[in-house]
>>> print(open('input16.txt').read())   # compact mmCIF, C-alpha atoms
# COMPACT_ATOMS: atom_id res chain seq x y z
CA MET Z 1 -21.17 -154.14 -8.20
CA TYR Z 2 -21.22 -151.47 -10.91
CA ARG Z 3 -18.76 -149.40 -8.90
CA MET Z 4 -16.33 -152.35 -8.75
CA VAL Z 5 -16.63 -152.99 -12.50
CA PHE Z 6 -16.06 -149.31 -13.23
CA SER Z 7 -12.96 -149.27 -11.00
CA ILE Z 8 -11.52 -152.30 -12.79
CA MET Z 9 -12.14 -150.69 -16.21
CA ALA Z 10 -10.56 -147.42 -15.11
CA TYR Z 11 -7.52 -149.28 -13.79
CA CYS Z 12 -7.11 -151.16 -17.08
CA LEU Z 13 -7.28 -147.90 -19.03
CA VAL Z 14 -4.46 -146.24 -17.07
CA LEU Z 15 -2.36 -149.39 -16.71
CA PRO Z 16 0.56 -149.20 -19.15
CA PRO Z 17 0.52 -151.97 -21.77
CA ALA Z 18 2.82 -154.85 -21.04
CA LYS Z 19 5.97 -154.84 -23.14
CA ALA Z 20 6.09 -157.66 -25.64
CA GLN Z 21 8.71 -160.21 -24.76
CA VAL Z 22 11.75 -159.94 -27.02
CA THR Z 23 13.01 -163.25 -28.39
CA THR Z 24 15.17 -164.36 -31.28
CA ALA Z 25 12.00 -165.09 -33.24
CA THR Z 26 10.58 -161.57 -32.73
CA ILE Z 27 13.91 -159.97 -33.61
CA LEU Z 28 14.15 -161.90 -36.86
CA ALA Z 29 10.47 -161.29 -37.62
CA ASP Z 30 11.03 -157.51 -37.32
CA LEU Z 31 13.99 -157.65 -39.69
CA LYS Z 32 12.03 -159.76 -42.16
CA ALA Z 33 9.14 -157.29 -42.09
CA VAL Z 34 11.54 -154.48 -42.98
CA ASN Z 35 13.03 -156.56 -45.78
CA ASP Z 36 9.58 -157.47 -47.16
CA SER Z 37 8.49 -153.83 -47.26
CA ILE Z 38 11.50 -152.92 -49.45
CA THR Z 39 11.14 -155.97 -51.68
CA ALA Z 40 7.49 -155.09 -52.34
CA THR Z 41 8.46 -151.76 -53.96
CA ASP Z 42 7.65 -151.69 -57.69
CA CYS Z 43 10.94 -151.81 -59.64
CA ARG Z 44 9.29 -150.59 -62.87
CA LYS Z 45 9.29 -146.96 -61.71
CA GLY Z 46 13.04 -146.84 -61.17
CA VAL Z 47 12.56 -144.89 -57.93
CA GLY Z 48 12.29 -146.25 -54.42
CA PRO Z 49 14.26 -147.65 -51.49
CA LEU Z 50 17.02 -150.16 -52.10
CA VAL Z 51 17.90 -150.50 -48.42
CA SER Z 52 16.17 -149.94 -45.09
CA ASN Z 53 15.85 -146.50 -43.51
CA ARG Z 54 18.48 -147.27 -40.89
CA ALA Z 55 20.84 -148.58 -43.58
CA MET Z 56 20.40 -145.33 -45.50
CA ASN Z 57 21.23 -143.42 -42.31
CA LEU Z 58 24.56 -145.26 -42.14
CA PHE Z 59 25.18 -144.81 -45.87
CA LEU Z 60 24.61 -141.05 -45.66
CA ALA Z 61 26.71 -140.79 -42.51
CA ASN Z 62 29.75 -141.86 -44.54
CA LYS Z 63 28.94 -140.01 -47.76
CA ILE Z 64 27.98 -136.70 -46.16
CA GLY Z 65 30.92 -137.14 -43.79
CA TYR Z 66 33.29 -136.44 -46.67
CA TYR Z 67 32.93 -132.73 -45.91
CA LEU Z 68 33.17 -131.47 -42.32
CA SER Z 69 35.01 -128.19 -41.84
CA GLY Z 70 32.78 -126.09 -39.58
CA TYR Z 71 30.36 -126.46 -36.69
CA ASP Z 72 27.41 -125.78 -39.00
CA ASP Z 73 28.27 -128.64 -41.40
CA LEU Z 74 26.18 -131.80 -41.16
CA SER Z 75 27.49 -134.86 -39.34
CA PHE Z 76 25.65 -138.05 -38.37
CA TYR Z 77 28.10 -138.75 -35.55
CA LYS Z 78 27.21 -138.14 -31.92
CA ASN Z 79 30.28 -135.92 -31.51
CA ASN Z 80 32.65 -133.97 -33.71
CA THR Z 81 35.29 -131.32 -33.37
CA THR Z 82 36.49 -128.69 -35.85
CA PHE Z 83 39.26 -126.13 -36.07
CA ASN Z 84 39.72 -123.34 -38.62
CA SER Z 85 43.02 -121.48 -38.79
CA GLY Z 86 41.33 -118.65 -40.72
CA ASP Z 87 39.45 -117.36 -37.66
CA GLY Z 88 41.28 -119.42 -35.02
CA MET Z 89 38.04 -120.99 -33.80
CA PHE Z 90 37.90 -124.44 -32.21
CA THR Z 91 34.50 -126.11 -31.80
CA LEU Z 92 33.27 -129.18 -29.93
CA ASN Z 93 29.78 -130.39 -30.85
CA HIS Z 94 27.41 -132.99 -29.40
CA ASN Z 95 24.34 -134.41 -31.14
CA LEU Z 96 21.35 -134.91 -28.82
CA PHE Z 97 19.54 -137.32 -31.14
CA GLN Z 98 17.98 -140.35 -29.43
CA ALA Z 99 16.79 -143.28 -31.54
CA LYS Z 100 13.13 -144.19 -31.03
CA GLY Z 101 13.52 -147.77 -32.21
CA GLY Z 102 12.27 -149.43 -35.35
CA ASP Z 103 13.37 -148.81 -38.91
CA ARG Z 104 13.24 -145.01 -38.89
CA ALA Z 105 15.01 -142.43 -41.02
CA VAL Z 106 16.82 -139.66 -39.14
CA ARG Z 107 14.66 -136.60 -39.86
CA SER Z 108 15.72 -134.02 -37.27
CA PHE Z 109 18.12 -133.47 -34.41
CA LEU Z 110 19.57 -130.79 -32.14
CA VAL Z 111 23.31 -130.20 -31.77
CA VAL Z 112 24.85 -128.26 -28.89
CA GLY Z 113 28.46 -127.15 -28.74
CA ALA Z 114 31.11 -124.70 -27.66
CA ARG Z 115 33.43 -122.41 -29.66
CA ALA Z 116 36.65 -120.77 -28.51
CA ASN Z 117 39.38 -118.74 -30.19
CA VAL Z 118 42.32 -120.98 -29.27
CA ALA Z 119 44.65 -119.72 -32.00
CA ASN Z 120 44.52 -116.16 -30.70
CA ALA Z 121 45.20 -117.31 -27.16
CA PHE Z 122 48.18 -119.37 -28.34
CA ALA Z 123 49.62 -116.43 -30.32
CA ALA Z 124 49.14 -114.05 -27.42
CA THR Z 125 51.03 -116.40 -25.09
CA PHE Z 126 54.20 -116.20 -27.20
CA SER Z 127 53.96 -112.59 -28.34
CA ASN Z 128 53.06 -109.17 -27.10
CA ARG Z 129 49.77 -109.06 -28.98
CA SER Z 130 46.39 -108.42 -27.40
CA PHE Z 131 44.50 -111.49 -26.30
CA SER Z 132 41.06 -111.79 -27.85
CA ASN Z 133 38.57 -113.52 -25.58
CA GLU Z 134 36.13 -115.52 -27.67
CA LEU Z 135 34.18 -118.24 -25.98
CA GLY Z 136 30.57 -119.10 -26.63
CA ALA Z 137 27.89 -121.72 -26.99
CA THR Z 138 26.32 -122.97 -30.21
CA LEU Z 139 22.88 -124.42 -30.88
CA LYS Z 140 21.85 -125.97 -34.19
CA GLN Z 141 18.54 -127.56 -35.15
CA THR Z 142 18.56 -129.56 -38.40
CA TRP Z 143 15.67 -130.96 -40.42
CA LEU Z 144 16.39 -133.56 -43.13
CA ALA Z 145 14.18 -134.25 -46.12
CA LYS Z 146 13.20 -137.70 -47.33
CA VAL Z 147 15.96 -139.47 -49.26
CA LYS Z 148 15.21 -140.17 -52.91
CA THR Z 149 16.91 -143.12 -54.66
CA SER Z 150 16.75 -143.75 -58.40
CA PHE Z 151 17.96 -146.86 -60.22
CA ALA Z 152 17.64 -148.60 -63.58
CA ALA Z 153 13.99 -149.58 -63.92
CA CYS Z 154 13.00 -153.12 -64.78
CA HIS Z 155 10.73 -154.02 -67.69
CA SER Z 156 6.95 -154.07 -67.35
CA ASP Z 157 7.05 -157.82 -66.79
CA GLY Z 158 9.67 -157.48 -64.06
CA SER Z 159 12.60 -158.68 -66.16
CA PRO Z 160 15.54 -158.79 -66.51
CA ALA Z 161 16.59 -160.66 -63.39
CA THR Z 162 19.76 -158.57 -63.28
CA ASN Z 163 17.77 -155.40 -62.60
CA ALA Z 164 19.45 -153.20 -59.98
CA LYS Z 165 16.67 -153.50 -57.43
CA MET Z 166 16.33 -157.24 -57.91
CA ALA Z 167 20.07 -157.66 -57.39
CA MET Z 168 19.87 -155.62 -54.19
CA ASP Z 169 16.83 -157.61 -53.04
CA ALA Z 170 18.86 -160.82 -53.43
CA ARG Z 171 21.80 -159.41 -51.49
CA ARG Z 172 19.50 -158.16 -48.73
CA ALA Z 173 17.85 -161.57 -48.48
CA ALA Z 174 21.26 -163.23 -48.18
CA ILE Z 175 22.20 -160.79 -45.41
CA LEU Z 176 18.96 -161.49 -43.57
CA HIS Z 177 19.34 -165.26 -43.68
CA SER Z 178 23.00 -165.16 -42.67
CA LEU Z 179 21.96 -163.16 -39.59
CA GLU Z 180 19.17 -165.67 -38.95
CA VAL Z 181 21.61 -168.57 -38.91
CA ALA Z 182 24.02 -166.71 -36.63
CA ALA Z 183 21.23 -165.60 -34.28
CA ASN Z 184 19.82 -169.10 -33.87
CA GLU Z 185 23.25 -170.59 -33.19
CA ARG Z 186 23.98 -167.85 -30.68
CA THR Z 187 20.63 -168.40 -28.94
CA ILE Z 188 21.18 -172.15 -28.61
CA ALA Z 189 24.61 -171.57 -27.07
CA PHE Z 190 23.21 -168.96 -24.68
CA GLU Z 191 20.29 -171.10 -23.51
CA LYS Z 192 22.66 -173.99 -22.97
CA SER Z 193 24.96 -171.79 -20.86
CA ILE Z 194 22.24 -170.44 -18.57
CA GLY Z 195 20.63 -173.88 -18.34
CA ALA Z 196 23.85 -175.13 -16.81
CA ILE Z 197 23.68 -172.59 -13.97
CA GLN Z 198 23.03 -174.33 -10.64
CA PRO Z 199 21.61 -172.86 -7.41
CA SER Z 200 25.03 -173.28 -5.83
CA ASP Z 201 26.46 -170.93 -8.52
CA VAL Z 202 24.21 -168.06 -7.41
CA PRO Z 203 23.71 -168.41 -3.65
CA GLY Z 204 21.05 -166.18 -2.16
CA GLN Z 205 19.26 -165.73 -5.52
CA ALA Z 206 16.28 -167.47 -7.07
CA LEU Z 207 17.52 -169.43 -10.07
CA GLN Z 208 14.40 -168.55 -12.07
CA ASP Z 209 14.93 -164.80 -11.50
CA VAL Z 210 18.60 -165.04 -12.46
CA ARG Z 211 17.80 -166.74 -15.75
CA LYS Z 212 15.01 -164.22 -16.48
CA LYS Z 213 17.31 -161.23 -15.99
CA LEU Z 214 20.07 -162.82 -18.08
CA ARG Z 215 17.59 -163.50 -20.89
CA GLU Z 216 16.28 -159.93 -20.84
CA ALA Z 217 19.80 -158.51 -21.11
CA PHE Z 218 20.79 -161.04 -23.79
CA TYR Z 219 17.84 -160.36 -26.06
CA ALA Z 220 18.05 -156.59 -25.58
CA ASP Z 221 21.68 -156.68 -26.70
CA MET Z 222 20.83 -159.01 -29.58
CA GLN Z 223 18.01 -156.75 -30.76
CA TYR Z 224 20.34 -153.75 -31.01
CA GLU Z 225 23.29 -155.67 -32.43
CA TYR Z 226 21.37 -157.52 -35.15
CA GLY Z 227 19.40 -154.41 -36.07
CA TYR Z 228 22.70 -152.59 -36.48
CA GLN Z 229 24.33 -155.43 -38.42
CA PHE Z 230 21.37 -155.68 -40.79
CA ALA Z 231 21.59 -151.94 -41.50
CA LEU Z 232 25.40 -151.88 -41.73
CA LEU Z 233 25.70 -154.80 -44.16
CA GLN Z 234 23.04 -153.27 -46.41
CA ALA Z 235 24.84 -149.91 -46.43
CA GLU Z 236 28.14 -151.58 -47.24
CA ALA Z 237 26.57 -153.57 -50.10
CA LEU Z 238 24.92 -150.45 -51.51
CA ASP Z 239 28.25 -148.61 -51.46
CA LYS Z 240 30.24 -151.54 -52.87
CA TYR Z 241 27.98 -152.55 -55.77
CA LYS Z 242 26.53 -149.07 -56.51
CA VAL Z 243 23.30 -150.36 -58.00
CA TYR Z 244 21.77 -146.88 -57.70
CA LYS Z 245 21.92 -144.11 -60.27
CA LEU Z 246 21.42 -141.17 -57.93
CA ILE Z 247 20.76 -140.71 -54.22
CA SER Z 248 19.66 -137.21 -53.26
CA THR Z 249 18.41 -135.39 -50.20
CA ASN Z 250 18.49 -131.95 -48.61
CA TRP Z 251 18.48 -130.46 -45.16
CA THR Z 252 17.89 -127.12 -43.48
CA SER Z 253 19.63 -125.90 -40.33
CA ILE Z 254 18.96 -123.00 -37.99
CA SER Z 255 21.90 -122.21 -35.73
CA THR Z 256 23.05 -119.53 -33.35
CA TYR Z 257 26.32 -118.60 -31.68
CA ILE Z 258 25.91 -117.06 -28.23
CA PRO Z 259 29.10 -115.42 -26.87
CA MET Z 260 29.82 -116.06 -23.21
CA MET Z 261 32.75 -113.65 -23.04
CA SER Z 262 33.22 -110.26 -24.64
CA ARG Z 263 36.01 -109.44 -27.05
CA LYS Z 264 38.16 -106.54 -25.85
CA PHE Z 265 39.72 -103.80 -28.02
CA VAL Z 266 41.86 -100.79 -27.02
CA VAL Z 267 40.52 -97.84 -29.02
CA ALA Z 268 41.15 -94.11 -29.38
CA GLY Z 269 39.00 -91.80 -31.49
CA SER Z 270 42.16 -90.19 -32.89
CA LEU Z 271 45.88 -90.02 -32.16
CA ALA Z 272 45.10 -87.11 -29.85
CA GLY Z 273 42.23 -88.93 -28.17
CA GLU Z 274 42.16 -90.93 -24.97
CA LEU Z 275 42.66 -94.69 -25.11
CA ALA Z 276 39.72 -96.73 -23.79
CA ALA Z 277 38.67 -100.36 -23.61
CA LYS Z 278 35.77 -101.30 -25.89
CA TYR Z 279 33.95 -104.61 -25.93
CA ALA Z 280 32.24 -106.62 -28.66
CA TYR Z 281 29.78 -109.51 -28.43
CA PRO Z 282 29.95 -111.38 -31.78
CA TRP Z 283 26.49 -112.97 -31.68
CA ALA Z 284 25.34 -114.72 -34.89
CA PHE Z 285 22.11 -116.27 -36.18
CA THR Z 286 22.24 -118.43 -39.31
CA VAL Z 287 19.82 -120.26 -41.60
CA ARG Z 288 21.39 -122.70 -44.05
CA HIS Z 289 19.93 -124.97 -46.73
CA THR Z 290 22.01 -127.69 -48.39
CA ARG Z 291 21.25 -130.02 -51.27
CA PHE Z 292 23.21 -133.24 -51.64
CA TRP Z 293 23.61 -135.57 -54.63
CA GLU Z 294 25.47 -138.89 -54.68
CA SER Z 295 25.84 -140.27 -58.21
CA SER Z 296 27.37 -143.66 -58.95
CA GLN Z 297 28.76 -142.21 -62.18
CA TRP Z 298 29.58 -138.56 -61.43
CA GLY Z 299 30.52 -138.51 -57.74
CA ARG Z 300 29.04 -136.44 -54.92
CA CYS Z 301 28.09 -132.79 -54.79
CA TYR Z 302 26.93 -130.33 -52.12
CA LEU Z 303 25.26 -126.97 -52.83
CA SER Z 304 24.57 -124.68 -49.86
CA LEU Z 305 22.85 -121.32 -49.52
CA GLU Z 306 23.25 -119.52 -46.22
CA GLY Z 307 21.82 -116.37 -44.72
CA SER Z 308 22.91 -114.96 -41.39
CA LEU Z 309 22.68 -111.93 -39.12
CA LEU Z 310 25.80 -110.90 -37.20
CA LEU Z 311 26.26 -108.48 -34.32
CA ASN Z 312 29.31 -106.72 -35.70
CA SER Z 313 31.64 -103.91 -34.62
CA GLN Z 314 34.38 -101.80 -36.13
CA GLY Z 315 36.90 -103.87 -34.19
CA GLN Z 316 35.76 -107.18 -35.64
CA SER Z 317 35.29 -105.88 -39.17
CA ASN Z 318 38.83 -104.45 -39.46
CA THR Z 319 37.49 -101.05 -40.52
CA LEU Z 320 39.61 -99.11 -38.00
CA GLN Z 321 43.29 -98.24 -38.30
CA ARG Z 322 45.40 -100.83 -36.48
CA LEU Z 323 48.67 -99.69 -34.91
CA THR Z 324 51.30 -101.36 -32.80
CA ARG Z 325 52.36 -99.63 -29.60
CA ALA Z 326 55.53 -98.34 -31.28
CA GLU Z 327 53.61 -97.09 -34.32
CA TYR Z 328 51.13 -95.25 -32.08
CA ILE Z 329 53.95 -93.42 -30.29
CA SER Z 330 55.94 -92.66 -33.44
CA MET Z 331 52.88 -91.26 -35.21
CA GLY Z 332 52.18 -88.80 -32.38
CA GLY Z 333 49.78 -90.63 -30.12
CA THR Z 334 49.34 -88.50 -27.00
CA ASP Z 335 47.80 -90.75 -24.35
CA PRO Z 336 50.49 -91.40 -21.71
CA ASN Z 337 48.71 -94.59 -20.64
CA ILE Z 338 49.89 -96.34 -23.80
CA ASN Z 339 52.68 -98.03 -21.83
CA ARG Z 340 50.17 -99.45 -19.33
CA ILE Z 341 47.88 -101.25 -21.75
CA LYS Z 342 48.20 -104.97 -22.22
CA GLY Z 343 49.06 -106.21 -25.64
CA ASN Z 344 50.57 -104.49 -28.61
CA GLU Z 345 47.59 -103.33 -30.65
CA VAL Z 346 45.68 -100.05 -30.72
CA LEU Z 347 42.69 -99.18 -32.90
CA ILE Z 348 42.21 -95.61 -34.12
CA GLY Z 349 38.74 -94.40 -35.14
CA LYS Z 350 35.11 -94.38 -34.07
CA PHE Z 351 34.05 -97.64 -32.42
CA GLY Z 352 30.46 -98.87 -32.48
CA HIS Z 353 28.17 -101.85 -32.89
CA PHE Z 354 25.91 -102.66 -35.84
CA LEU Z 355 24.02 -105.56 -37.39
CA THR Z 356 25.42 -107.13 -40.56
CA PRO Z 357 23.23 -109.27 -42.83
CA ARG Z 358 25.31 -111.82 -44.70
CA THR Z 359 24.74 -114.38 -47.47
CA GLU Z 360 26.97 -117.20 -48.71
CA LEU Z 361 26.75 -119.63 -51.61
CA GLN Z 362 29.01 -122.70 -51.50
CA TRP Z 363 29.59 -125.59 -53.89
CA VAL Z 364 31.61 -128.70 -52.99
CA TYR Z 365 32.39 -131.57 -55.36
CA PHE Z 366 34.14 -134.94 -55.00
CA PRO Z 367 34.81 -137.03 -58.15
CA PRO Z 368 33.84 -140.74 -58.07
CA GLU Z 369 36.00 -142.86 -55.75
CA SER Z 370 38.06 -139.78 -54.85
CA HIS Z 371 38.96 -138.52 -51.39
CA ILE Z 372 40.11 -135.17 -52.79
CA GLY Z 373 37.55 -132.62 -53.90
CA PHE Z 374 37.09 -129.01 -54.90
CA SER Z 375 35.08 -126.21 -53.30
CA VAL Z 376 34.24 -122.61 -54.10
CA ALA Z 377 32.23 -120.08 -52.11
CA ALA Z 378 31.16 -116.45 -52.39
CA GLU Z 379 30.26 -114.39 -49.32
CA LYS Z 380 28.55 -110.99 -49.32
CA HIS Z 381 27.98 -108.67 -46.35
CA PHE Z 382 25.39 -105.88 -46.41
CA GLY Z 383 24.61 -102.74 -44.45
CA THR Z 384 27.34 -100.78 -42.70
CA TYR Z 385 29.94 -103.42 -43.52
CA LYS Z 386 29.75 -103.98 -47.29
CA VAL Z 387 32.30 -106.63 -48.16
CA LEU Z 388 32.48 -109.29 -50.85
CA ASN Z 389 34.72 -112.29 -50.15
CA ALA Z 390 35.45 -115.47 -52.09
CA VAL Z 391 37.05 -118.78 -51.14
CA VAL Z 392 38.55 -121.54 -53.27
CA GLY Z 393 39.38 -124.75 -51.44
CA ILE Z 394 40.61 -128.31 -51.72
CA PRO Z 395 38.85 -130.63 -49.24
CA ILE Z 396 40.68 -133.86 -48.46
CA THR Z 397 39.17 -136.80 -46.57
CA LEU Z 398 41.23 -139.38 -44.72
CA ILE Z 399 39.52 -142.76 -44.39
CA ASP Z 400 40.19 -145.58 -41.96
CA LYS Z 401 40.87 -149.23 -42.81
CA LYS Z 402 37.14 -149.85 -43.21
CA GLY Z 403 36.82 -147.06 -45.78
CA ILE Z 404 34.94 -144.77 -43.39
CA PRO Z 405 35.83 -141.03 -43.25
CA ALA Z 406 37.98 -140.48 -40.16
CA ALA Z 407 39.11 -136.85 -40.59
CA ASP Z 408 38.48 -134.02 -43.03
CA PHE Z 409 40.99 -131.36 -44.05
CA SER Z 410 40.15 -128.33 -46.16
CA PHE Z 411 42.91 -126.11 -47.54
CA ALA Z 412 41.49 -122.80 -48.75
CA TYR Z 413 42.66 -119.59 -50.41
CA HIS Z 414 40.64 -116.55 -49.31
CA PHE Z 415 40.05 -113.47 -51.46
CA PHE Z 416 39.09 -110.89 -48.84
CA ASP Z 417 37.30 -107.66 -49.73
CA ILE Z 418 37.26 -108.11 -53.48
CA GLY Z 419 35.64 -104.70 -53.97
CA ASN Z 420 38.37 -103.04 -51.85
CA LYS Z 421 35.86 -101.38 -49.50
CA VAL Z 422 37.52 -101.79 -46.11
CA SER Z 423 41.13 -100.69 -46.64
CA PRO Z 424 41.52 -99.08 -50.09
CA GLN Z 425 45.17 -98.33 -49.34
CA ASP Z 426 46.04 -102.04 -49.06
CA GLN Z 427 47.28 -103.97 -52.07
CA LEU Z 428 45.25 -106.93 -53.32
CA ASP Z 429 47.83 -109.53 -52.33
CA SER Z 430 47.90 -108.22 -48.74
CA ARG Z 431 44.19 -108.91 -48.36
CA ASN Z 432 44.40 -112.54 -49.46
CA PHE Z 433 45.39 -115.41 -47.18
CA VAL Z 434 45.51 -119.19 -46.86
CA SER Z 435 43.71 -121.21 -44.17
CA MET Z 436 43.26 -124.81 -43.14
CA ALA Z 437 40.18 -126.35 -41.53
CA ILE Z 438 40.02 -129.71 -39.77
CA GLY Z 439 36.94 -131.73 -38.94
CA ILE Z 440 37.03 -134.95 -36.91
CA PRO Z 441 33.86 -136.96 -36.17
CA PHE Z 442 34.00 -139.50 -33.38
CA SER Z 443 31.94 -141.86 -31.18
CA LYS Z 444 28.94 -143.69 -32.60
CA ILE Z 445 26.74 -142.83 -35.59
CA ILE Z 446 23.13 -141.86 -35.03
CA PHE Z 447 20.96 -144.33 -36.92
>>> encode(input="input16.txt", output="C-alpha cells")
Amino acid sequence: MYRMVFSIMAYCLVLPPAKAQVTTATILADLKAVNDSITATDCRKGVGPLVSNRAMNLFLANKIGYYLSGYDDLSFYKNNTTFNSGDGMFTLNHNLFQAKGGDRAVRSFLVVGARANVANAFAATFSNRSFSNELGATLKQTWLAKVKTSFAACHSDGSPATNAKMAMDARRAAILHSLEVAANERTIAFEKSIGAIQPSDVPGQALQDVRKKLREAFYADMQYEYGYQFALLQAEALDKYKVYKLISTNWTSISTYIPMMSRKFVVAGSLAGELAAKYAYPWAFTVRHTRFWESSQWGRCYLSLEGSLLLNSQGQSNTLQRLTRAEYISMGGTDPNINRIKGNEVLIGKFGHFLTPRTELQWVYFPPESHIGFSVAAEKHFGTYKVLNAVVGIPITLIDKKGIPAADFSFAYHFFDIGNKVSPQDQLDSRNFVSMAIGIPFSKIIF
C-alpha cells in the first residue's frame, strides 16, 4: 500500500504541470494585469513606466533604429544588413533572441553574422588590382540596462488630472477596452463558425477533436496578436503625444570578428628583394558601451565608448610602400617574377603581424522631429601602429509610411592619420576621404 502511494506521489512530482487553457478571458485578464501594474505607479515621483515593457521594446526599436551604420550598432530587428564604402565591408546579421512570453523587457541577446569585402572584389573584377579576400563571421552579445522614464510629476494629492502619467493611463485604458471589444466580437464570430461545422464537412475525423484543435490555434494566434497590438498602440501613443520628459537607457556589447579567409599581399623586403606572398588574418575583439537619451524637447543622443584589440599587419595598416607593377619596374625592382603575379600592387618593406589596441569615442545627435542628424568620432590606435583618426558625419534616416525607420544612410568625412605618423611624405588632403554607410533592418522586431 505504502509502495503504491509513494509511486503515485513520485509520478505526480515528475509529471509536467498541465498548461492553462488559453481563452479570450485569460488573454484580456493578462493585458489588464499589465495595465494595472503601470497605473499603480506613484505619479508624484515623476519617474516610472508610462507603457508596458513590451511597448517600450517597440518604442526603442524605432528610436534607436535611427542610427544603424555598422554590424556593432544596436538593432531590435531580427535581421539587418550594412555596407560601408570606407572599408568595402558588407555585413548580414541575425538576432537569435527568442521571446519567453509575458510582459518582459528585452535585456540581452546574441547576434551572429557574416562580413565580406564586396567592394574590393567588385573593383578587382574591372581593374588589374589585387583582390583582397576578406570573409569572416561575427558574434555579438549585448546586455541592455533597465529603461528609465521621467515625466512631469503630479501634486501630492494626485492632481492635476492633466498630469502626463494620468493622461497616458487614460489612453492605455482606452486601448485596452477597444481591444476587449474587438476580441469579444471576434470570439463570438469564431465560435459561431466552428459551431456550424458538421460531421459531413470533416469525414474521417471526430468533430470534437476538430473543434478543439481549431480553438487551440485560434486562441494561440489571438494571444500573440492582441499582446502585440496592446504593445504597439501604447508605443505609438507614447511617441505621438510625448508625455515623457526623458527616456534613457544604456547597453554594453562584446563582439568579435573571426576571419574565415586570409588576406593576401605581394611583398618584397626591398626593390632588390624577392617577391613573396604574405597573408594576414584581421581578427578583432571589441567591447562597446553606449548611452542613449530620448528627450521630448531636445531630441535624441547617443554617446559610445569603444575599446578593441586588432590582429594587425603592415599590409593592413598601410605602413609599407605601395607600388604598381609599372612603378616597381621603373624604380629598379629586380624580381623577374613581377610579370607573373596577379594584380597590380606590390608592397615594399618588412612585413609582420602585431596586436593593435584601439579606442573610439563617438557622439550622434538627432534634433527633435528630424531625420537628419550629426555625428563626430575620434579613433586612436596604440602600440606599433600609432594613428589618430577623426570622422565627421551626417546620418540620415528614411522612414516608411508608418513613420518607422526603414533605412539609414551615413555620409562621413574621414581625417586619417591626423598626427601624420604613417606616411609623412603625403599631404594632408591626400589622407582624407569621404565614405557612405548604409544600414537596413528587416523582418520582425524582437519584443
>>> closest_residue(input="input16.txt", among="Z:Ala437, Z:Ala189, Z:Leu31, Z:Leu320", to="Val346 in chain Z", atoms="all atoms listed in the file")
Z:Leu320
>>> axis_aligned_box(input="input16.txt", around="range 165-171 of chain Z", padding_each_side="6 Å", output="lines of an AutoDock Vina configuration file")
center_x = 19.1
center_y = -157.2
center_z = -54.7
size_x = 17.5
size_y = 19.3
size_z = 18.4
>>> closest_residue(input="input16.txt", among="Z:His289, Z:Arg300, Z:Lys264, Z:Lys78", to="Gly315 in chain Z", atoms="all atoms listed in the file")
Z:Lys264
>>> closest_residue(input="input16.txt", among="Z:Ala55, Z:Ala276, Z:Ala377, Z:Leu50", to="Ala170 in chain Z", atoms="only C-alpha atoms")
Z:Leu50
>>> atom_distance(input="input16.txt", atom1="CA of Pro367 in chain Z", atom2="CA of Leu58 in chain Z")
20.7 Å
>>> atom_distance(input="input16.txt", atom1="CA of Ile440 in chain Z", atom2="CA of Tyr77 in chain Z")
9.8 Å
>>> residues_around(input="input16.txt", residues="Pro336 in chain Z", least_positions_apart="2", cutoff="12 Å", atoms="only C-alpha atoms", output="PyMOL selection string")
chain Z and resi 271-275+325+328-329+332-334+338-341
>>> closest_residue(input="input16.txt", among="Z:Ile372, Z:Leu233, Z:Leu398, Z:Ala153", to="Ser178 in chain Z", atoms="all atoms listed in the file")
Z:Leu233
>>> closest_atom_pairs(input="input16.txt", of="range 376-439 of chain Z", to="range 86-100 of chain Z", cutoff="9 Å", atoms="all atoms listed in the file", output="JSON lines")
{"residue": "Z:His414", "atom": "CA", "partner": "Z:Gly86", "partner_atom": "CA", "distance": 8.9}
{"residue": "Z:Phe433", "atom": "CA", "partner": "Z:Gly86", "partner_atom": "CA", "distance": 8.3}
{"residue": "Z:Val434", "atom": "CA", "partner": "Z:Gly86", "partner_atom": "CA", "distance": 7.4}
{"residue": "Z:Ser435", "atom": "CA", "partner": "Z:Gly86", "partner_atom": "CA", "distance": 4.9}
{"residue": "Z:Met436", "atom": "CA", "partner": "Z:Gly86", "partner_atom": "CA", "distance": 6.9}
{"residue": "Z:Ala437", "atom": "CA", "partner": "Z:Gly86", "partner_atom": "CA", "distance": 7.8}
>>> atom_distance(input="input16.txt", atom1="CA of Asn80 in chain Z", atom2="CA of Ile254 in chain Z")
18.1 Å
>>> residues_near_point(input="input16.txt", point="(23.6, -139.7, -37.1)", cutoff="7 Å", atoms="only C-alpha atoms", output="ChimeraX atom specification")
/Z:57,61,75-78,445-447
>>> residues_around(input="input16.txt", residues="Ala182 in chain Z", least_positions_apart="6", cutoff="12 Å", atoms="all atoms listed in the file", output="VMD selection string")
chain Z and resid 24 28 175 to 176 188 to 189 222 225 to 226 229
>>> closest_residue(input="input16.txt", among="Z:Val376, Z:Val287, Z:Ile396, Z:Ile64", to="Ser253 in chain Z", atoms="all atoms listed in the file")
Z:Val287
>>> residues_around(input="input16.txt", residues="Asp30 in chain Z", least_positions_apart="5", cutoff="10 Å", atoms="all atoms listed in the file", output="mmCIF file with C-alpha atoms, in the frame of the given file")
data_model
loop_
_atom_site.group_PDB
_atom_site.id
_atom_site.type_symbol
_atom_site.label_atom_id
_atom_site.label_comp_id
_atom_site.auth_asym_id
_atom_site.auth_seq_id
_atom_site.Cartn_x
_atom_site.Cartn_y
_atom_site.Cartn_z
ATOM 1 C CA ALA Z 25 12.000 -165.090 -33.240
ATOM 2 C CA ASN Z 35 13.030 -156.560 -45.780
ATOM 3 C CA ASP Z 36 9.580 -157.470 -47.160
ATOM 4 C CA GLY Z 102 12.270 -149.430 -35.350
ATOM 5 C CA ASP Z 103 13.370 -148.810 -38.910
ATOM 6 C CA GLN Z 223 18.010 -156.750 -30.760
ATOM 7 C CA GLY Z 227 19.400 -154.410 -36.070
#
